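Chemist: Encoded as structure tokens, here's the structure I'll be asking about.
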There are 2 protein chains.
Amino acid sequence: MNSVEMAHGSGGLAMQQLINRLFISAFDNPWLAEQEDQARISLESLALGGDRLAFSTDSYVIDPLFFPGGDIGKLAVCGTANDVAVSGAVPRYLSCGFILEEGLPLQTLTTLVNSMAQTAREAGIAIVTGDTKVVQRGAADKIFINTAGMGSIPRDVHWRAQSLTPGDVLLVSGTIGCHGATILNLREGLGLDGELTSDCAILTPLIQTLRNIRGVKALRDATRGGVNAVAHEFAAACGCGIELTESSLPVKPAVRGLCELLGLDPLNFANEGKLVIGVERQDAEAALAQLRSHPLGRDAAIIGEVVERSGVRLSGLYGVKRTLDLPHAEPLPRIC
Amino acid sequence: MNSVEMAHGSGGLAMQQLINRLFISAFDNPWLAEQEDQARISLESLALGGDRLAFSTDSYVIDPLFFPGGDIGKLAVCGTANDVAVSGAVPRYLSCGFILEEGLPLQTLTTLVNSMAQTAREAGIAIVTGDTKVVQRGAADKIFINTAGMGSIPRDVHWRAQSLTPGDVLLVSGTIGCHGATILNLREGLGLDGELTSDCAILTPLIQTLRNIRGVKALRDATRGGVNAVAHEFAAACGCGIELTESSLPVKPAVRGLCELLGLDPLNFANEGKLVIGVERQDAEAALAQLRSHPLGRDAAIIGEVVERSGVRLSGLYGVKRTLDLPHAEPLPRIC
């Protein structure tokens, strides 16, 4: 038996064996080991000085499953952890739902589960409850993973996009578009292998350093839709406009080259390890210095500001402003 | 635009419109309306006198999407809610991740989302955070839904399969096999339409009445793998054996007929609204009476007991005991 069979999702012996031998052993924690229908987590230890629970979910359908810098398993832990972490919470617990295509090599599943386990362990996250479904050949593409995550938001943190006001400054925590460019290159065979790596990473350690900066008002990780999508979300939430400065955007040469080649904009490319941060103007330099002092924020930059006039605009190299529309669709499907 | 397009999952304008027009309006609650990357739930209001968080997830891949008694949307709310509820918690918050196949009629998606919204609303559950992915035609089968749910477990409830001991009595909350038989009939065109309906339901109200019965020790809802799978889980958890009595199993005539026709055992059929309950012997009659006084437990029955000798056995109509193995696979794939 070298591949996933329908029986692995049927509630019978084969499923029980898969759960015991693979998931419980790889994720190894007391909540999962109880094997009840639900994880039971002490509310006292969950709260840990926080007063609100941050709760988020994402499904991962990325194609291909493995890419420079990560795989769908690592992504499924990082992506959801980051959606929790941008609230100011430390993500602590994840659920995990697998949808497997009949015929998926068990070796592939094992590699991905171990990747999830390692990523979670390094970030202090426990995968405490899960589910496995198997669908017949052709009814899914290899493997889809859903994770839902949680952590508690410290009492003193109240980051919200709605709190942004004109004059606030926008920062990005590093070079933009790396994840999207990496997947595009891989899928289209553009031959830039070796120069492109996904930025897939857990951002909690970087985010937690920002709690010391008083003027931080809003955080998002710039995934699908890229920095442009976050700019539009910020603008919509606070009812103001956003202006970005093209010359200040940190973009790696390989990503810039790929974008110029294809006529695409790195602002629309997905990232999996980059924050957009809204900060009061007087604290922007302090926030920038804080970011740059951390390995995950080495290439951080101030990239724009919140303005009265609604809409999202980009100041070009000669000072000409053009409207940045939110594209109807991203250039790349199944980017995460 | 009458069907789901790749753009609906891309992080661009099309996705934003789908989220605003369909999900936020159908699920309508303040957590979702905030449109942050995570729901933020007051830990105080979440705890509500409980001391542990119950947290569970399931993905739903059922085929067909619509069936007598429910649809994949209703099932995605009920199934996860029940996995939380069998801990003794009242499920309060759900996350929801959609994986949509390009070309899925928007009307189908709308119907399913409204079904989820109605089921959740009736049970006092808020769908507070979500995610939508779209994969190209042929990369998924119409729609898959993941939900993760939570609620807090009251301080005085400590139901655990590990606590079962020889002499404890097993009850089931109603007729068994209805969901599995309904799907099998539908998929194989067996012509029993009209007589078979899924038991898909939220069991919280029934479960909460059991908090008054002192001797209740363990609860599970008997989904994939049926009552037989729960018997095996109970046996494995407590290190004892389980003996069930064939004549005491409540089975609807249509389900029994279908099973006899196909040589299948209703004990292995999935349910979506039935509990298996382990109770101390002296409280078994009280638990039975309590169950029967509730519409969801009208057909409850005492079906067996926990014994010293390990293994799961069934006492037949003439008193002959045979071993009930956990089948390698359930008769039906994609039952939930």
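Chain identifiers are assigned as A, B, and so on, following the order in which chains appear in the structure tokens; residues are numbered from 1 within each chain, and ligands are numbered from 1 in order of appearance.
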Could you tell me which residues of chain A sit within 6 Å of chain B when counting only C-alpha atoms, and give me the result as an mmCIF file with N, CA and C atoms, in the first residue's frame?
Modeler:
```cif
data_model
loop_
_atom_site.group_PDB
_atom_site.id
_atom_site.type_symbol
_atom_site.label_atom_id
_atom_site.label_comp_id
_atom_site.auth_asym_id
_atom_site.auth_seq_id
_atom_site.Cartn_x
_atom_site.Cartn_y
_atom_site.Cartn_z
ATOM 1 N N ALA A 7 -10.347 3.912 1.194
ATOM 2 C CA ALA A 7 -10.534 3.407 2.555
ATOM 3 C C ALA A 7 -9.909 4.319 3.608
ATOM 4 N N SER A 10 -12.609 6.529 5.156
ATOM 5 C CA SER A 10 -13.937 5.923 5.310
ATOM 6 C C SER A 10 -14.417 5.757 6.736
ATOM 7 N N GLY A 11 -13.587 6.077 7.716
ATOM 8 C CA GLY A 11 -14.024 5.874 9.092
ATOM 9 C C GLY A 11 -13.757 4.471 9.589
ATOM 10 N N GLY A 12 -13.105 3.645 8.783
ATOM 11 C CA GLY A 12 -12.799 2.276 9.191
ATOM 12 C C GLY A 12 -11.370 2.141 9.684
ATOM 13 N N LEU A 13 -10.899 0.910 9.630
ATOM 14 C CA LEU A 13 -9.594 0.567 10.164
ATOM 15 C C LEU A 13 -8.465 1.301 9.438
ATOM 16 N N ALA A 14 -8.567 1.392 8.096
ATOM 17 C CA ALA A 14 -7.499 2.021 7.317
ATOM 18 C C ALA A 14 -7.314 3.477 7.740
ATOM 19 N N ASP A 37 -13.455 13.654 19.871
ATOM 20 C CA ASP A 37 -13.895 14.287 18.630
ATOM 21 C C ASP A 37 -13.504 15.761 18.571
ATOM 22 N N GLN A 38 -12.983 16.277 19.661
ATOM 23 C CA GLN A 38 -12.608 17.693 19.712
ATOM 24 C C GLN A 38 -11.406 17.841 20.643
ATOM 25 N N ALA A 39 -10.544 18.813 20.351
ATOM 26 C CA ALA A 39 -9.475 19.143 21.287
ATOM 27 C C ALA A 39 -10.085 19.924 22.446
ATOM 28 N N ARG A 40 -9.522 19.717 23.638
ATOM 29 C CA ARG A 40 -10.014 20.422 24.820
ATOM 30 C C ARG A 40 -8.863 21.220 25.400
ATOM 31 N N ILE A 41 -8.986 22.534 25.283
ATOM 32 C CA ILE A 41 -7.871 23.433 25.593
ATOM 33 C C ILE A 41 -8.230 24.273 26.809
ATOM 34 N N SER A 42 -7.363 24.291 27.792
ATOM 35 C CA SER A 42 -7.610 25.103 28.984
ATOM 36 C C SER A 42 -7.786 26.566 28.590
ATOM 37 N N LEU A 43 -8.921 27.156 28.963
ATOM 38 C CA LEU A 43 -9.162 28.560 28.609
ATOM 39 C C LEU A 43 -8.195 29.482 29.347
ATOM 40 N N ASP A 51 -7.337 39.214 26.166
ATOM 41 C CA ASP A 51 -8.764 39.307 26.468
ATOM 42 C C ASP A 51 -9.649 38.975 25.274
ATOM 43 N N ARG A 52 -9.049 38.783 24.092
ATOM 44 C CA ARG A 52 -9.834 38.411 22.913
ATOM 45 C C ARG A 52 -9.163 37.238 22.204
ATOM 46 N N LEU A 53 -9.983 36.343 21.683
ATOM 47 C CA LEU A 53 -9.461 35.244 20.890
ATOM 48 C C LEU A 53 -9.388 35.691 19.433
ATOM 49 N N ALA A 54 -8.228 35.498 18.796
ATOM 50 C CA ALA A 54 -8.107 35.700 17.341
ATOM 51 C C ALA A 54 -8.302 34.346 16.684
ATOM 52 N N PHE A 55 -9.190 34.272 15.696
ATOM 53 C CA PHE A 55 -9.595 32.995 15.096
ATOM 54 C C PHE A 55 -9.656 33.199 13.586
ATOM 55 N N SER A 56 -8.924 32.361 12.839
ATOM 56 C CA SER A 56 -8.878 32.549 11.391
ATOM 57 C C SER A 56 -8.722 31.209 10.682
ATOM 58 N N THR A 57 -9.119 31.150 9.421
ATOM 59 C CA THR A 57 -8.991 29.919 8.646
ATOM 60 C C THR A 57 -8.569 30.218 7.220
ATOM 61 N N ASP A 58 -7.880 29.280 6.601
ATOM 62 C CA ASP A 58 -7.584 29.332 5.169
ATOM 63 C C ASP A 58 -7.517 27.908 4.642
ATOM 64 N N SER A 59 -7.949 27.739 3.397
ATOM 65 C CA SER A 59 -7.717 26.473 2.704
ATOM 66 C C SER A 59 -6.564 26.699 1.736
ATOM 67 N N ASP A 83 -2.289 34.974 9.688
ATOM 68 C CA ASP A 83 -3.590 35.649 9.761
ATOM 69 C C ASP A 83 -4.022 35.866 11.207
ATOM 70 N N VAL A 84 -3.606 34.956 12.089
ATOM 71 C CA VAL A 84 -3.869 35.137 13.521
ATOM 72 C C VAL A 84 -2.897 36.168 14.097
ATOM 73 N N GLY A 97 -7.571 20.102 8.303
ATOM 74 C CA GLY A 97 -8.436 19.206 7.538
ATOM 75 C C GLY A 97 -7.795 18.878 6.196
ATOM 76 N N THR A 129 -6.305 19.159 16.483
ATOM 77 C CA THR A 129 -7.495 18.427 16.050
ATOM 78 C C THR A 129 -7.495 18.384 14.526
ATOM 79 N N GLY A 130 -8.064 17.334 13.945
ATOM 80 C CA GLY A 130 -7.978 17.229 12.494
ATOM 81 C C GLY A 130 -9.020 16.311 11.897
ATOM 82 N N ASP A 131 -8.972 16.232 10.573
ATOM 83 C CA ASP A 131 -9.943 15.438 9.822
ATOM 84 C C ASP A 131 -9.311 15.054 8.489
ATOM 85 N N ALA A 139 -11.425 13.785 -8.561
ATOM 86 C CA ALA A 139 -12.392 14.633 -7.849
ATOM 87 C C ALA A 139 -11.700 15.711 -7.023
ATOM 88 N N ALA A 140 -10.376 15.632 -6.922
ATOM 89 C CA ALA A 140 -9.576 16.709 -6.320
ATOM 90 C C ALA A 140 -8.201 16.620 -6.955
ATOM 91 N N ASP A 141 -7.412 17.682 -6.824
ATOM 92 C CA ASP A 141 -6.074 17.654 -7.405
ATOM 93 C C ASP A 141 -5.049 17.376 -6.305
ATOM 94 N N ARG A 224 -2.611 36.754 -1.119
ATOM 95 C CA ARG A 224 -3.303 36.888 -2.417
ATOM 96 C C ARG A 224 -3.654 38.334 -2.706
ATOM 97 N N GLY A 225 -3.372 38.799 -3.912
ATOM 98 C CA GLY A 225 -3.707 40.180 -4.259
ATOM 99 C C GLY A 225 -2.570 41.139 -3.932
ATOM 100 N N LEU A 326 -7.890 47.807 -8.043
ATOM 101 C CA LEU A 326 -7.783 46.423 -7.598
ATOM 102 C C LEU A 326 -8.142 45.577 -8.812
ATOM 103 N N PRO A 327 -7.201 44.745 -9.305
ATOM 104 C CA PRO A 327 -7.523 43.985 -10.518
ATOM 105 C C PRO A 327 -8.742 43.101 -10.274
ATOM 106 N N HIS A 328 -9.477 42.834 -11.353
ATOM 107 C CA HIS A 328 -10.613 41.918 -11.253
ATOM 108 C C HIS A 328 -10.128 40.571 -10.739
ATOM 109 N N ALA A 329 -8.976 40.111 -11.254
ATOM 110 C CA ALA A 329 -8.397 38.839 -10.829
ATOM 111 C C ALA A 329 -6.888 38.993 -10.734
ATOM 112 N N GLU A 330 -6.270 38.184 -9.882
ATOM 113 C CA GLU A 330 -4.829 38.132 -9.801
ATOM 114 C C GLU A 330 -4.293 37.431 -11.039
#
```
Chemist: Applying 12 Å and only C-alpha atoms, which residues near B:Leu190 remain after dropping the ones on its own chain fewer than 5 positions away? List them as a list in words.
Modeler: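 Final neighbour list, sorted by chain and number: Ala181, Thr182, Ile183, Leu184, Asn185, Glu195, Leu196, Ala254, Val255, Gly257, Leu258, Cys259, Leu261 and Leu262 of chain B.
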Chemist: Set the distance at 8 Å and use only C-alpha atoms: which residues neighbour stretch 73-75 of chain B once local chain neighbours fewer than 6 positions away are removed? I'd like the list as a PyMOL selection string.
Modeler: chain B and resi 60+112-113+115-116+119+145+200-201+272+336
Chemist: Generate a file of the selected residues that holds C-alpha atoms, formatted as a PDB file, in the first residue's frame.
Modeler:
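The new file part_7.pdb reads:
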```pdb
ATOM      1  CA  TYR B  60     -17.212  18.016   3.828  1.00  0.00           C
ATOM      2  CA  LEU B 112     -25.734  26.232   0.038  1.00  0.00           C
ATOM      3  CA  VAL B 113     -24.495  29.382   1.778  1.00  0.00           C
ATOM      4  CA  SER B 115     -28.564  26.763   4.058  1.00  0.00           C
ATOM      5  CA  MET B 116     -25.432  27.110   6.219  1.00  0.00           C
ATOM      6  CA  THR B 119     -28.741  26.146  10.136  1.00  0.00           C
ATOM      7  CA  ILE B 145     -16.489  22.951   2.636  1.00  0.00           C
ATOM      8  CA  CYS B 200     -28.663  15.527   9.717  1.00  0.00           C
ATOM      9  CA  ALA B 201     -29.337  17.751  12.761  1.00  0.00           C
ATOM     10  CA  GLU B 272     -25.479  12.697  11.140  1.00  0.00           C
ATOM     11  CA  CYS B 336     -20.049  13.403   4.525  1.00  0.00           C
TER      12      CYS B 336
END
```
Chemist: Need the shell around stretch 292-304 of chain A: protein/DNA/RNA residues with any atom at most 8 Å away, counting only C-alpha atoms. Skip same-chain ones fewer than 5 positions apart. Format as an NGL selection string?
Modeler: :A and (169-175 or 203 or 206 or 242-246 or 248-250 or 284)
Chemist: Grab the atom CA of A:Gly88 to atom CA of A:Val251 distance for me, in Å with one decimal place.
Modeler: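 Interatomic distance here is 26.4 Å.
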Chemist: So how far away is atom CA of B:Gly103 from atom CA of A:Pro64, in Å?
Modeler: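 Straight-line distance from atom CA of A:Pro64 to atom CA of B:Gly103 works out to 21.8 Å.
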Chemist: Check the DSSP output for the backbone and give back, as a VMD selection string, the residues of stretch 72-231 of chain B in helix (DSSP H, G or I).
Modeler: chain B and resid 72 to 85 106 to 122 161 to 163 178 to 188 204 to 212 226 to 231
Chemist: Just to confirm, what's the straight-line distance from atom CA of A:Asn271 to atom CA of A:Val227 in Å (one decimal)?
Modeler: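 Atom CA of A:Val227 lies at a distance of 8.3 Å from atom CA of A:Asn271.
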Chemist: Pick out the residues sitting within 8 Å of A:Lys217, and hand them over as a list in words; count only C-alpha atoms, and ignore anything fewer than 4 positions along from it in its own chain.
Modeler: His158, Trp159, Arg160, Ala161, Ser163, Leu164, Ile277, Gly278, Val279 and Glu280 of chain A
Chemist: Between A:Gln290, A:Ser25, A:Ser310, A:Ser198, which one has atoms that come closest to A:Cys240, using only C-alpha atoms?
Modeler: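 Using only C-alpha atoms, A:Cys240 sits closest to A:Ser310.
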Chemist: Ranking A:Val4, A:Val276, A:Ala126, A:Ile72 by minimum distance to A:Ala26 and counting only C-alpha atoms, which one comes first?
Modeler: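 Of the candidates, the smallest distance to A:Ala26 is held by A:Ala126.
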Chemist: Using only C-alpha atoms, which of A:Arg137, A:Arg121, A:Arg322, A:Arg281 sits nearest A:Gly215?
Modeler: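 Of A:Arg137, A:Arg121, A:Arg322, A:Arg281, the one nearest A:Gly215, counting only C-alpha atoms, is A:Arg281.
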Chemist: When DSSP is applied to the backbone of this structure, which of stretch 12-116 of chain B are assigned strand (DSSP E or B)? Write them out as a list in words.
Modeler: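 The residues of stretch 12-116 of chain B classed as strand (DSSP E or B) are Ala39, Arg40, Ile41, Ser42, Gly50, Asp51, Arg52, Leu53, Ala54, Phe55, Ser56, Thr57, Asp58, Ser59, Tyr60, Phe66, Phe67, Gly70, Asp71, Tyr93, Leu94, Ser95, Cys96, Gly97, Phe98, Ile99, Leu100, Glu101 and Pro105 of chain B.
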Chemist: Which residue, B:Gly311, B:Pro105, B:Gly49, B:Pro266, has the smallest gap to B:Asp156 when you use only C-alpha atoms?
Modeler: B:Gly49
